[in-house]
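protein.cif follows (mmCIF, C-alpha atoms and all ligand atoms):
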```cif
data_work
loop_
_atom_site.label_atom_id
_atom_site.label_comp_id
_atom_site.auth_asym_id
_atom_site.auth_seq_id
_atom_site.Cartn_x
_atom_site.Cartn_y
_atom_site.Cartn_z
CA MET A 1 -3.36 -12.61 19.24
CA PRO A 2 -0.37 -12.58 16.87
CA GLY A 3 2.31 -9.90 16.69
CA PRO A 4 5.32 -8.80 18.65
CA ASP A 5 5.84 -9.80 22.25
CA ALA A 6 6.21 -7.85 25.46
CA ALA A 7 10.01 -7.90 25.29
CA ARG A 8 10.04 -6.17 21.90
CA ALA A 9 7.51 -3.56 23.04
CA ALA A 10 9.68 -2.91 26.11
CA ALA A 11 12.81 -2.57 23.93
CA ILE A 12 11.06 -0.04 21.66
CA LEU A 13 9.83 1.98 24.63
CA ALA A 14 13.37 1.89 26.04
CA ASP A 15 14.71 3.28 22.71
CA LEU A 16 12.15 6.07 22.94
CA GLY A 17 12.93 6.69 26.62
CA PRO A 18 14.87 9.95 26.35
CA LEU A 19 12.23 11.40 24.02
CA LEU A 20 9.19 10.39 26.05
CA PRO A 21 8.90 13.52 28.21
CA GLY A 22 8.50 15.67 25.09
CA LEU A 23 6.67 13.21 22.85
CA ALA A 24 2.96 13.89 22.31
CA SER A 25 0.58 10.98 22.05
CA PRO A 26 -0.89 9.32 20.11
CA ALA A 27 2.31 9.03 18.06
CA LEU A 28 3.14 6.84 15.07
CA VAL A 29 6.42 4.95 15.59
CA ILE A 30 8.11 3.03 12.78
CA ASP A 31 10.94 0.54 13.32
CA LEU A 32 13.18 0.87 10.25
CA ALA A 33 15.05 -2.36 10.95
CA ALA A 34 11.72 -4.18 10.74
CA VAL A 35 10.85 -2.31 7.51
CA ASP A 36 14.11 -3.45 5.90
CA HIS A 37 13.60 -6.98 7.23
CA ASN A 38 10.10 -7.12 5.69
CA ILE A 39 11.23 -5.77 2.33
CA ALA A 40 13.99 -8.40 2.23
CA ALA A 41 11.47 -11.13 3.15
CA VAL A 42 9.13 -10.20 0.28
CA LEU A 43 12.05 -10.06 -2.16
CA ARG A 44 13.18 -13.52 -1.03
CA ARG A 45 9.66 -14.89 -1.58
CA CYS A 46 9.54 -13.28 -5.02
CA ARG A 47 12.84 -14.92 -6.00
CA GLY A 48 11.30 -18.30 -5.19
CA ASP A 49 13.41 -21.13 -6.54
CA GLN A 50 16.11 -18.73 -7.77
CA PRO A 51 17.37 -17.33 -4.48
CA ASP A 52 20.60 -16.02 -6.00
CA ASP A 53 18.85 -13.96 -8.68
CA LEU A 54 18.58 -10.71 -6.73
CA GLY A 55 17.12 -8.76 -9.66
CA ARG A 56 14.28 -11.26 -10.01
CA GLY A 57 12.86 -10.37 -6.58
CA ALA A 58 12.66 -6.64 -7.28
CA ASP A 59 11.37 -7.30 -10.79
CA ARG A 60 8.36 -9.20 -9.45
CA TRP A 61 7.09 -6.56 -6.97
CA ARG A 62 5.20 -3.33 -7.57
CA PRO A 63 4.33 -2.40 -3.96
CA HIS A 64 1.33 -0.19 -3.27
CA VAL A 65 2.63 2.89 -1.44
CA LYS A 66 -0.75 3.82 0.03
CA THR A 67 0.49 1.93 3.10
CA LEU A 68 3.60 4.11 3.49
CA LYS A 69 2.66 7.61 2.27
CA SER A 70 6.12 8.78 3.32
CA ALA A 71 9.20 9.55 1.22
CA ALA A 72 11.47 8.24 4.00
CA LEU A 73 9.78 4.83 3.80
CA VAL A 74 9.56 4.73 0.01
CA ARG A 75 13.33 5.32 -0.03
CA ARG A 76 13.81 2.03 1.86
CA LEU A 77 12.17 0.28 -1.10
CA TRP A 78 14.39 2.15 -3.53
CA ALA A 79 17.47 1.26 -1.49
CA ALA A 80 16.49 -2.41 -1.87
CA GLY A 81 16.20 -2.03 -5.66
CA VAL A 82 12.38 -1.83 -5.80
CA THR A 83 11.70 1.10 -8.11
CA ARG A 84 8.29 0.16 -9.52
CA CYS A 85 5.28 0.96 -7.40
CA LYS A 86 1.59 1.55 -7.39
CA CYS A 87 -0.32 4.46 -5.86
CA ALA A 88 -3.94 5.53 -5.52
CA THR A 89 -3.94 9.31 -5.01
CA LEU A 90 -2.45 12.40 -6.60
CA ASP A 91 -0.79 13.18 -3.26
CA GLU A 92 1.02 9.84 -3.41
CA LEU A 93 1.97 10.37 -7.06
CA GLN A 94 3.38 13.82 -6.32
CA LEU A 95 5.30 12.54 -3.30
CA LEU A 96 6.91 9.81 -5.41
CA LEU A 97 7.81 12.11 -8.29
CA GLU A 98 9.27 14.80 -6.03
CA ALA A 99 11.26 12.34 -3.89
CA ALA A 100 12.67 10.74 -7.05
CA ALA A 101 13.60 14.20 -8.39
CA GLU A 102 15.32 15.07 -5.11
CA ASP A 103 17.34 11.86 -5.33
CA ALA A 104 18.06 12.37 -9.07
CA ARG A 105 16.47 9.01 -9.85
CA GLU A 106 13.39 9.95 -11.85
CA ASP A 107 14.51 7.79 -14.75
CA SER A 108 14.25 4.62 -12.66
CA LEU A 109 10.83 5.41 -11.15
CA ASP A 110 7.83 3.59 -12.65
CA VAL A 111 4.48 4.40 -11.02
CA LEU A 112 1.12 2.88 -11.79
CA LEU A 113 -1.59 5.31 -10.67
CA ALA A 114 -4.02 2.49 -9.97
CA TYR A 115 -7.16 4.56 -9.66
CA PRO A 116 -9.80 5.40 -12.28
CA LEU A 117 -9.44 9.12 -13.02
CA HIS A 118 -12.24 11.50 -13.95
CA GLU A 119 -11.30 14.18 -16.48
CA ALA A 120 -10.07 16.86 -14.06
CA ALA A 121 -7.96 14.34 -12.12
CA PHE A 122 -6.61 12.97 -15.43
CA HIS A 123 -5.34 16.42 -16.41
CA ALA A 124 -3.88 16.95 -12.93
CA ALA A 125 -1.99 13.64 -13.16
CA ARG A 126 -0.70 14.61 -16.59
CA ARG A 127 0.48 17.96 -15.24
CA LEU A 128 2.31 16.29 -12.34
CA HIS A 129 3.96 13.88 -14.76
CA ALA A 130 4.88 16.68 -17.17
CA ALA A 131 7.01 18.23 -14.40
CA HIS A 132 8.99 14.95 -14.15
CA PRO A 133 9.00 13.52 -17.68
CA ALA A 134 11.90 11.12 -17.07
CA ALA A 135 9.75 9.10 -14.67
CA ARG A 136 7.28 6.59 -16.04
CA VAL A 137 3.64 7.06 -15.01
CA GLN A 138 1.03 4.55 -16.12
CA LEU A 139 -2.68 5.27 -15.81
CA LEU A 140 -5.65 2.93 -15.42
CA ALA A 141 -8.74 2.51 -17.62
CA ASP A 142 -11.91 1.50 -15.84
CA GLY A 143 -13.54 0.12 -19.00
CA PRO A 144 -13.46 0.53 -22.78
CA GLU A 145 -15.53 3.74 -22.71
CA HIS A 146 -13.21 5.25 -20.12
CA ALA A 147 -10.19 4.31 -22.27
CA LEU A 148 -11.76 6.00 -25.31
CA ALA A 149 -12.62 9.10 -23.23
CA MET A 150 -9.03 9.31 -21.94
CA ASP A 151 -7.83 9.08 -25.52
CA ARG A 152 -9.88 12.21 -26.27
CA TRP A 153 -8.71 13.99 -23.11
CA ALA A 154 -5.10 13.28 -24.09
CA ARG A 155 -5.36 15.05 -27.48
CA GLY A 156 -2.75 17.75 -27.88
CA GLY A 157 -0.64 16.50 -24.95
CA ALA A 158 2.92 15.26 -25.14
CA GLY A 159 3.75 11.66 -26.07
CA PRO A 160 1.62 8.53 -25.78
CA ILE A 161 0.32 7.66 -22.31
CA ASP A 162 0.97 4.21 -20.89
CA LEU A 163 -2.30 2.59 -19.90
CA GLN A 164 -3.22 -0.50 -17.93
CA LEU A 165 -6.69 -2.01 -18.26
CA ASP A 166 -8.42 -2.53 -14.92
CA VAL A 167 -9.90 -6.03 -14.92
CA ASP A 168 -12.67 -6.87 -12.46
CA LEU A 169 -11.81 -10.37 -11.24
CA GLY A 170 -14.82 -10.57 -8.91
CA MET A 171 -14.16 -7.78 -6.43
CA ALA A 172 -16.86 -5.59 -8.07
CA ARG A 173 -15.17 -2.34 -7.06
CA THR A 174 -13.56 -0.94 -10.20
CA GLY A 175 -12.64 -2.19 -13.65
CA SER A 176 -14.53 -4.26 -16.18
CA PRO A 177 -14.94 -8.03 -16.43
CA PRO A 178 -12.64 -9.91 -18.81
CA SER A 179 -15.48 -10.50 -21.30
CA VAL A 180 -16.11 -6.74 -21.63
CA TRP A 181 -12.43 -6.06 -22.34
CA ARG A 182 -12.24 -8.99 -24.77
CA ASP A 183 -15.21 -7.64 -26.77
CA ALA A 184 -13.49 -4.23 -26.96
CA VAL A 185 -10.11 -5.34 -28.34
CA ALA A 186 -10.84 -3.89 -31.80
CA ASP A 187 -11.80 -0.50 -30.27
CA LEU A 188 -8.70 -0.51 -28.08
CA ALA A 189 -6.58 -1.03 -31.18
CA THR A 190 -7.78 2.40 -32.42
CA LEU A 191 -6.43 4.36 -29.42
CA SER A 192 -4.02 6.96 -30.73
CA HIS A 193 -2.76 8.81 -27.63
CA LEU A 194 -2.66 5.83 -25.26
CA ARG A 195 -0.72 2.59 -25.48
CA VAL A 196 -1.90 -0.50 -23.66
CA THR A 197 0.96 -1.66 -21.45
CA GLY A 198 -0.71 -4.04 -19.04
CA LEU A 199 -3.67 -5.57 -17.24
CA HIS A 200 -4.41 -4.69 -13.63
CA GLY A 201 -6.30 -7.48 -11.86
CA TYR A 202 -6.58 -6.76 -8.15
CA GLU A 203 -8.35 -9.65 -6.42
CA GLY A 204 -8.66 -7.91 -3.04
CA HIS A 205 -11.90 -9.75 -2.21
CA LEU A 206 -10.01 -13.02 -1.70
CA ALA A 207 -8.52 -14.22 1.57
CA TRP A 208 -5.15 -15.97 1.91
CA SER A 209 -6.81 -19.40 2.13
CA GLN A 210 -8.94 -18.97 -1.03
CA THR A 211 -6.30 -20.42 -3.30
CA ARG A 212 -8.76 -22.17 -5.64
CA GLU A 213 -10.71 -18.93 -6.20
CA ALA A 214 -7.42 -17.10 -6.73
CA ALA A 215 -6.28 -19.65 -9.34
CA ALA A 216 -9.58 -19.20 -11.23
CA ALA A 217 -9.21 -15.40 -11.14
CA HIS A 218 -5.60 -15.61 -12.32
CA ASP A 219 -6.57 -18.01 -15.13
CA ALA A 220 -9.23 -15.52 -16.27
CA LEU A 221 -6.59 -12.77 -16.30
CA CYS A 222 -4.18 -14.92 -18.34
CA ASP A 223 -6.95 -15.81 -20.82
CA LEU A 224 -7.65 -12.11 -21.31
CA ALA A 225 -3.94 -11.33 -21.61
CA GLU A 226 -3.71 -13.80 -24.50
CA ALA A 227 -6.55 -11.97 -26.27
CA VAL A 228 -5.00 -8.53 -25.62
CA LEU A 229 -1.40 -9.39 -26.53
CA CYS A 230 -2.01 -8.33 -30.13
CA ILE A 231 -2.64 -4.67 -29.19
CA GLY A 232 0.04 -4.38 -26.49
CA LYS A 233 3.16 -2.43 -27.39
CA GLY A 234 6.00 -4.48 -25.96
CA PRO A 235 5.55 -7.17 -23.31
CA LEU A 236 2.33 -6.78 -21.32
CA GLU A 237 2.58 -6.36 -17.57
CA LEU A 238 0.05 -8.27 -15.45
CA VAL A 239 -0.34 -6.65 -12.02
CA THR A 240 -2.22 -8.60 -9.36
CA SER A 241 -2.54 -9.11 -5.64
CA GLY A 242 -2.21 -7.41 -2.30
CA THR A 243 -1.04 -8.89 0.97
CA HIS A 244 -3.86 -11.45 1.10
CA SER A 245 -3.32 -13.21 -2.23
CA PHE A 246 0.20 -12.52 -3.52
CA SER A 247 1.44 -15.95 -2.48
CA ALA A 248 -1.18 -17.70 -4.64
CA ALA A 249 -0.29 -15.40 -7.54
CA LEU A 250 3.44 -16.09 -7.27
CA ASP A 251 2.71 -19.83 -7.41
CA HIS A 252 0.34 -19.62 -10.42
CA PRO A 253 2.06 -21.40 -13.31
CA ARG A 254 0.51 -19.32 -16.12
CA LEU A 255 1.17 -15.95 -14.45
CA ASN A 256 4.73 -17.16 -13.90
CA GLY A 257 5.40 -18.60 -17.31
CA GLY A 258 3.40 -16.69 -19.95
CA PRO A 259 4.60 -14.22 -22.58
CA TRP A 260 4.11 -11.30 -20.14
CA ARG A 261 5.64 -9.89 -16.99
CA HIS A 262 3.71 -10.64 -13.85
CA ARG A 263 4.07 -8.47 -10.76
CA ILE A 264 2.41 -8.58 -7.36
CA SER A 265 1.48 -5.39 -5.52
CA PRO A 266 1.19 -5.90 -1.76
CA GLY A 267 1.92 -2.80 0.33
CA THR A 268 0.87 -3.76 3.86
CA VAL A 269 3.71 -6.32 4.01
CA VAL A 270 6.23 -3.49 4.40
CA LEU A 271 4.84 -2.45 7.80
CA SER A 272 2.64 -5.45 8.65
CA ASP A 273 -0.46 -5.41 10.86
CA LEU A 274 -2.82 -7.79 12.65
CA ARG A 275 -4.98 -8.40 9.56
CA SER A 276 -2.02 -9.66 7.56
CA GLU A 277 -1.25 -12.47 9.98
CA PRO A 278 -1.17 -15.30 7.37
CA ALA A 279 1.36 -13.42 5.22
CA ALA A 280 3.31 -12.27 8.27
CA GLU A 281 3.53 -15.80 9.57
CA ARG A 282 4.50 -17.34 6.23
CA LEU A 283 7.16 -14.73 5.41
CA GLY A 284 8.35 -14.15 8.98
CA LEU A 285 7.41 -10.45 8.83
CA ARG A 286 8.15 -8.22 11.83
CA GLN A 287 5.73 -5.61 13.05
CA ALA A 288 7.19 -2.27 11.93
CA ALA A 289 4.44 0.24 12.81
CA PHE A 290 3.17 1.01 16.29
CA VAL A 291 1.00 3.66 17.86
CA LEU A 292 2.32 4.99 21.14
CA ALA A 293 -0.54 5.96 23.46
CA ARG A 294 -0.87 6.97 27.10
CA VAL A 295 -3.29 6.11 29.87
CA VAL A 296 -5.59 9.08 30.47
CA SER A 297 -8.18 7.43 32.72
CA ARG A 298 -8.05 4.51 35.13
CA GLY A 299 -10.90 2.60 36.78
CA ARG A 300 -11.03 -0.61 38.80
CA ASP A 301 -11.00 -2.96 35.79
CA ARG A 302 -10.59 -0.43 32.97
CA VAL A 303 -8.08 2.00 31.60
CA THR A 304 -8.63 4.44 28.75
CA LEU A 305 -5.92 5.45 26.28
CA ASP A 306 -5.61 8.62 24.19
CA ALA A 307 -5.79 6.61 20.95
CA GLY A 308 -9.37 6.50 19.67
CA SER A 309 -10.64 6.07 16.13
CA LYS A 310 -8.73 9.22 15.08
CA ALA A 311 -5.46 7.50 16.05
CA ILE A 312 -5.66 3.86 15.00
CA ALA A 313 -7.43 1.60 12.46
CA PRO A 314 -10.60 3.73 12.12
CA ASP A 315 -12.12 1.34 9.60
CA ARG A 316 -11.92 -1.76 11.78
CA PRO A 317 -14.33 -3.08 14.40
CA ALA A 318 -13.23 -3.59 18.01
CA PRO A 319 -10.78 -4.89 18.96
CA ASN A 320 -8.92 -2.82 16.34
CA CYS A 321 -5.49 -3.19 17.93
CA HIS A 322 -3.37 -5.31 20.24
CA LEU A 323 -1.16 -4.38 23.22
CA PRO A 324 1.88 -6.66 23.14
CA ALA A 325 2.99 -5.73 26.66
CA TRP A 326 -0.49 -5.93 28.18
CA PRO A 327 -2.14 -9.14 26.96
CA GLY A 328 -4.70 -9.03 29.78
CA LEU A 329 -6.24 -5.79 28.44
CA VAL A 330 -8.97 -6.06 25.79
CA PRO A 331 -9.57 -3.07 23.50
CA LEU A 332 -13.26 -2.10 23.42
CA SER A 333 -15.08 0.18 20.94
CA PRO A 334 -13.17 3.45 20.64
CA SER A 335 -14.61 6.93 20.46
CA GLU A 336 -12.76 9.58 18.51
CA GLU A 337 -10.02 10.33 21.05
CA HIS A 338 -10.54 7.56 23.63
CA LEU A 339 -9.82 3.86 23.61
CA PRO A 340 -11.23 2.05 26.65
CA LEU A 341 -9.60 -1.28 27.59
CA ARG A 342 -11.21 -3.90 29.82
CA ARG A 343 -9.00 -5.80 32.26
CA GLU A 344 -9.41 -9.56 31.83
CA HIS A 345 -6.36 -10.45 33.91
CA GLY A 346 -3.10 -9.02 35.19
CA ALA A 347 -2.17 -5.53 36.31
CA LEU A 348 -3.34 -2.17 34.97
CA PRO A 349 -0.84 0.39 33.65
CA ASP A 350 -0.47 3.57 35.70
CA HIS A 351 -2.10 6.85 34.83
CA GLY A 352 0.12 8.55 32.20
CA ALA A 353 1.97 5.33 31.34
CA ALA A 354 3.06 4.98 27.69
CA VAL A 355 1.96 1.80 25.92
CA LEU A 356 2.48 0.51 22.39
CA LEU A 357 -0.38 -0.62 20.17
CA VAL A 358 -0.24 -2.77 17.04
CA PRO A 359 -2.96 -1.72 14.57
CA ASP A 360 -5.37 -4.17 13.01
CA HIS A 361 -5.08 -2.15 9.76
CA VAL A 362 -1.88 -0.20 9.28
CA CYS A 363 -2.78 1.65 6.05
CA THR A 364 -5.70 3.57 7.55
CA THR A 365 -3.61 4.20 10.68
CA VAL A 366 -0.63 5.77 8.88
CA ASN A 367 -3.04 8.02 6.97
CA LEU A 368 -4.08 9.68 10.26
CA TYR A 369 -0.62 11.11 10.98
CA ARG A 370 1.30 14.08 9.60
CA GLU A 371 4.60 12.80 10.99
CA CYS A 372 6.14 9.69 12.45
CA LEU A 373 9.11 8.79 14.57
CA LEU A 374 11.61 6.51 12.84
CA LEU A 375 13.63 4.12 14.97
CA ARG A 376 16.98 3.53 13.26
CA PRO A 377 19.32 0.69 14.11
CA GLY A 378 22.40 2.02 15.88
CA GLU A 379 21.26 5.64 15.72
CA GLY A 380 18.83 7.82 17.63
CA PRO A 381 15.21 8.13 16.52
CA THR A 382 14.42 10.76 13.91
CA ARG A 383 11.20 12.32 12.65
CA ALA A 384 9.78 11.90 9.14
CA ALA A 385 6.84 13.45 7.31
CA ILE A 386 3.87 11.35 6.21
CA GLY A 387 3.72 13.62 3.19
CA ALA A 388 0.75 12.03 1.42
CA SER A 389 -1.63 11.56 4.35
CA GLY A 390 -5.12 13.01 4.09
CA HIS A 391 -6.42 14.66 0.92
CA ARG A 392 -5.56 17.84 -0.98
CA LEU A 393 -8.21 20.54 -1.42
CA PHE A 394 -7.32 21.77 -4.91
CA PHE A 395 -5.46 19.90 -7.62
CA PHE A 396 -2.59 22.39 -7.35
CA ALA A 397 -1.43 24.56 -4.46
CA GLN A 398 -1.84 27.77 -6.46
CA ASP A 399 -5.56 27.04 -7.13
CA PRO A 400 -7.90 28.78 -7.07
CA PRO A 401 -6.08 31.56 -8.92
CA ALA A 402 -5.75 34.73 -6.82
C1 LIG B 501 -5.58 -1.81 -6.13
C2 LIG B 501 -4.81 -2.28 -4.95
N1 LIG B 501 -3.62 -2.88 -5.13
C3 LIG B 501 -2.87 -3.32 -4.10
C4 LIG B 501 -3.31 -3.17 -2.80
C5 LIG B 501 -2.39 -3.62 -1.71
O1 LIG B 501 -2.96 -4.49 -0.84
P1 LIG B 501 -2.43 -4.70 0.65
O2 LIG B 501 -2.64 -3.43 1.38
O3 LIG B 501 -3.29 -5.81 1.10
O4 LIG B 501 -1.02 -5.07 0.56
C6 LIG B 501 -4.57 -2.58 -2.57
C7 LIG B 501 -5.09 -2.44 -1.19
O5 LIG B 501 -6.10 -1.85 -0.91
C8 LIG B 501 -5.32 -2.11 -3.66
O6 LIG B 501 -6.51 -1.50 -3.49
#
```

Starting from the file, give its structure as structure tokens.
Amino acid sequence: MPGPDAARAAAILADLGPLLPGLASPALVIDLAAVDHNIAAVLRRCRGDQPDDLGRGADRWRPHVKTLKSAALVRRLWAAGVTRCKCATLDELQLLLEAAAEDAREDSLDVLLAYPLHEAAFHAARRLHAAHPAARVQLLADGPEHALAMDRWARGGAGPIDLQLDVDLGMARTGSPPSVWRDAVADLATLSHLRVTGLHGYEGHLAWSQTREAAAAHDALCDLAEAVLCIGKGPLELVTSGTHSFSAALDHPRLNGGPWRHRISPGTVVLSDLRSEPAAERLGLRQAAFVLARVVSRGRDRVTLDAGSKAIAPDRPAPNCHLPAWPGLVPLSPSEEHLPLRREHGALPDHGAAVLLVPDHVCTTVNLYRECLLLRPGEGPTRAAIGASGHRLFFFAQDPPA
């Protein structure tokens, strides 16, 4: 199994030592030095053959903040000069806009709400944006009909809305295939309240090693961009790629060299997890997110931790985590609050012992927590809200009206 070793897990537990008696478990623990290291590693990779061009790294990355969901972590991106991002939910959008307002930096924030909005969600997004007009918020069109519908929904609102076209490059989740968008170019030219600012081609179905498939998908996106250039206002932005295909995208000559601005959008890279091993290995990422759990039951060749599917990687099959300090323990299928581990070799931790887990999928893990503990280099740990975890009930807190 990849990931951090026993010595690092021991060092983190030692940092937490004074807090352990009062710390509930499971607890989400984030190592900020590793976060900063990972951000710097992605920026270096984005700079490629121009390592001295610091602006070029930040200009190439629009990280997806669904991994972070926390203003404290988003601020590490901002501190590194990364002010463009992508989000999926209204909670994430609101968190970004409010954190930027608090820091008086709304004018440098540029968010792509990369999710196809139905009419009520569209109006809610517009209302959130209207409260922070200096920030840039781009929306996403699922297909030509959706773009035309949004144009109607936008009537009477302020200013034109920046719109990216969601291009289905084979993932078959959202968006429309390039041919559908190409056939609709004349219709898109009639939009009066929306302006086409980019193409969003997320090829999340591809694995790190599928570089030929990625090149074909990226070529299809570039072909479409050439057909759409005529209706774009200003240079088109082409947004591709999460943690599993950004490297192929950065190396694609046409994405790199065309009359557009290409940006990648990995988010997992900031915290890293077991699933992102190829990227972690290539970039030298450090694991930044851990779940601290405790032993609540102990048998002859088994211990059970208080970190079930409601604490770590609920969407992943067993083994959905790794214990760096206990390589002889194999995680079995969790239940909601229990994670049984089978002893293959070595000792068993004592009843009540604290252990650190590395999640297989960090994004779905972070989403389970309301707060996390931040480990800060040279300073004591501090707590931070995971402000955009879960889902809101109403679009706005004051709904329904009293
Ligand atoms: C549309 C979109 N963009 C970017 C990403 C980021 O990918 P990753 O979490 O692999 O970095 C995702 C992940 O689900 C996504 O759905």

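Those protein and nucleic acid residues that have any atom within 8 Å of ligand LIG 501 (chain B) are, using only C-alpha atoms and all ligand atoms, Pro63, His64, Lys66, Thr67, Lys86, Ala88, Ala114, Tyr115, Tyr202, Gly204, Thr240, Ser241, Gly242, Thr243, His244, Ser265, Pro266, Gly267, Thr268, Val269, Ser276 and Cys363 of chain A.
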
Atoms to include: C-alpha atoms. Write the selected residues as a PDB file, keeping the file's coordinate frame.
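Result file follows (selection_20.pdb):
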```
ATOM      1  CA  PRO A  63       4.330  -2.400  -3.960  1.00  0.00           C
ATOM      2  CA  HIS A  64       1.330  -0.190  -3.270  1.00  0.00           C
ATOM      3  CA  LYS A  66      -0.750   3.820   0.030  1.00  0.00           C
ATOM      4  CA  THR A  67       0.490   1.930   3.100  1.00  0.00           C
ATOM      5  CA  LYS A  86       1.590   1.550  -7.390  1.00  0.00           C
ATOM      6  CA  ALA A  88      -3.940   5.530  -5.520  1.00  0.00           C
ATOM      7  CA  ALA A 114      -4.020   2.490  -9.970  1.00  0.00           C
ATOM      8  CA  TYR A 115      -7.160   4.560  -9.660  1.00  0.00           C
ATOM      9  CA  TYR A 202      -6.580  -6.760  -8.150  1.00  0.00           C
ATOM     10  CA  GLY A 204      -8.660  -7.910  -3.040  1.00  0.00           C
ATOM     11  CA  THR A 240      -2.220  -8.600  -9.360  1.00  0.00           C
ATOM     12  CA  SER A 241      -2.540  -9.110  -5.640  1.00  0.00           C
ATOM     13  CA  GLY A 242      -2.210  -7.410  -2.300  1.00  0.00           C
ATOM     14  CA  THR A 243      -1.040  -8.890   0.970  1.00  0.00           C
ATOM     15  CA  HIS A 244      -3.860 -11.450   1.100  1.00  0.00           C
ATOM     16  CA  SER A 265       1.480  -5.390  -5.520  1.00  0.00           C
ATOM     17  CA  PRO A 266       1.190  -5.900  -1.760  1.00  0.00           C
ATOM     18  CA  GLY A 267       1.920  -2.800   0.330  1.00  0.00           C
ATOM     19  CA  THR A 268       0.870  -3.760   3.860  1.00  0.00           C
ATOM     20  CA  VAL A 269       3.710  -6.320   4.010  1.00  0.00           C
ATOM     21  CA  SER A 276      -2.020  -9.660   7.560  1.00  0.00           C
ATOM     22  CA  CYS A 363      -2.780   1.650   6.050  1.00  0.00           C
TER      23      CYS A 363
END
```

List as a CSV table (one decimal) with C-alpha atoms, in the frame of the given file the protein and nucleic acid residues near Ala353 in chain A, meaning an atom at most 10 Å away when only C-alpha atoms are counted, but skip any in the same chain fewer than 5 places from it.
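Saved to around_16.csv:
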```csv
chain,number,residue,atom,x,y,z
A,293,ALA,CA,-0.5,6.0,23.5
A,294,ARG,CA,-0.9,7.0,27.1
A,295,VAL,CA,-3.3,6.1,29.9
A,296,VAL,CA,-5.6,9.1,30.5
A,305,LEU,CA,-5.9,5.4,26.3
A,348,LEU,CA,-3.3,-2.2,35.0
```

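Near Arg383 in chain A, within 6 Å and counting all atoms listed in the file, sit Cys372, Leu373 and Leu374 of chain A, not including residues fewer than 3 positions from it in the same chain.
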
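Taking all atoms listed in the file into account, Val291 in chain A lies nearest to A:Ser25 out of the set A:Thr211, A:Gln164, A:Ser25, A:Thr197.
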
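Selecting by distance to (-8.8, -6.6, 17.2) with a limit of 10 Å and using all atoms listed in the file, one obtains A:Met1, A:Leu274, A:Arg275, A:Ala313, A:Arg316, A:Pro317, A:Ala318, A:Pro319, A:Asn320, A:Cys321, A:His322, A:Leu323, A:Val330, A:Pro331, A:Leu332, A:Ser333, A:Val358, A:Pro359, A:Asp360, A:His361.
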
Generate a file of the selected residues that holds C-alpha atoms, formatted as a PDB file, in the coordinates of the input.
```pdb
ATOM      1  CA  MET A   1      -3.360 -12.610  19.240  1.00  0.00           C
ATOM      2  CA  LEU A 274      -2.820  -7.790  12.650  1.00  0.00           C
ATOM      3  CA  ARG A 275      -4.980  -8.400   9.560  1.00  0.00           C
ATOM      4  CA  ALA A 313      -7.430   1.600  12.460  1.00  0.00           C
ATOM      5  CA  ARG A 316     -11.920  -1.760  11.780  1.00  0.00           C
ATOM      6  CA  PRO A 317     -14.330  -3.080  14.400  1.00  0.00           C
ATOM      7  CA  ALA A 318     -13.230  -3.590  18.010  1.00  0.00           C
ATOM      8  CA  PRO A 319     -10.780  -4.890  18.960  1.00  0.00           C
ATOM      9  CA  ASN A 320      -8.920  -2.820  16.340  1.00  0.00           C
ATOM     10  CA  CYS A 321      -5.490  -3.190  17.930  1.00  0.00           C
ATOM     11  CA  HIS A 322      -3.370  -5.310  20.240  1.00  0.00           C
ATOM     12  CA  LEU A 323      -1.160  -4.380  23.220  1.00  0.00           C
ATOM     13  CA  VAL A 330      -8.970  -6.060  25.790  1.00  0.00           C
ATOM     14  CA  PRO A 331      -9.570  -3.070  23.500  1.00  0.00           C
ATOM     15  CA  LEU A 332     -13.260  -2.100  23.420  1.00  0.00           C
ATOM     16  CA  SER A 333     -15.080   0.180  20.940  1.00  0.00           C
ATOM     17  CA  VAL A 358      -0.240  -2.770  17.040  1.00  0.00           C
ATOM     18  CA  PRO A 359      -2.960  -1.720  14.570  1.00  0.00           C
ATOM     19  CA  ASP A 360      -5.370  -4.170  13.010  1.00  0.00           C
ATOM     20  CA  HIS A 361      -5.080  -2.150   9.760  1.00  0.00           C
TER      21      HIS A 361
END
```

Query - Surrounding residues of Ala14 in chain A excluding itself and chain neighbours under 3 positions, 12 Å, all atoms listed in the file, as a PyMOL selection string - result: chain A and resi 7-11+17-20+354-356+375+380-381

What does the file look like for those residues with C-alpha atoms, as a PDB file, in the frame of the given file?
```
ATOM      1  CA  ALA A   7      10.010  -7.900  25.290  1.00  0.00           C
ATOM      2  CA  ARG A   8      10.040  -6.170  21.900  1.00  0.00           C
ATOM      3  CA  ALA A   9       7.510  -3.560  23.040  1.00  0.00           C
ATOM      4  CA  ALA A  10       9.680  -2.910  26.110  1.00  0.00           C
ATOM      5  CA  ALA A  11      12.810  -2.570  23.930  1.00  0.00           C
ATOM      6  CA  GLY A  17      12.930   6.690  26.620  1.00  0.00           C
ATOM      7  CA  PRO A  18      14.870   9.950  26.350  1.00  0.00           C
ATOM      8  CA  LEU A  19      12.230  11.400  24.020  1.00  0.00           C
ATOM      9  CA  LEU A  20       9.190  10.390  26.050  1.00  0.00           C
ATOM     10  CA  ALA A 354       3.060   4.980  27.690  1.00  0.00           C
ATOM     11  CA  VAL A 355       1.960   1.800  25.920  1.00  0.00           C
ATOM     12  CA  LEU A 356       2.480   0.510  22.390  1.00  0.00           C
ATOM     13  CA  LEU A 375      13.630   4.120  14.970  1.00  0.00           C
ATOM     14  CA  GLY A 380      18.830   7.820  17.630  1.00  0.00           C
ATOM     15  CA  PRO A 381      15.210   8.130  16.520  1.00  0.00           C
TER      16      PRO A 381
END
```
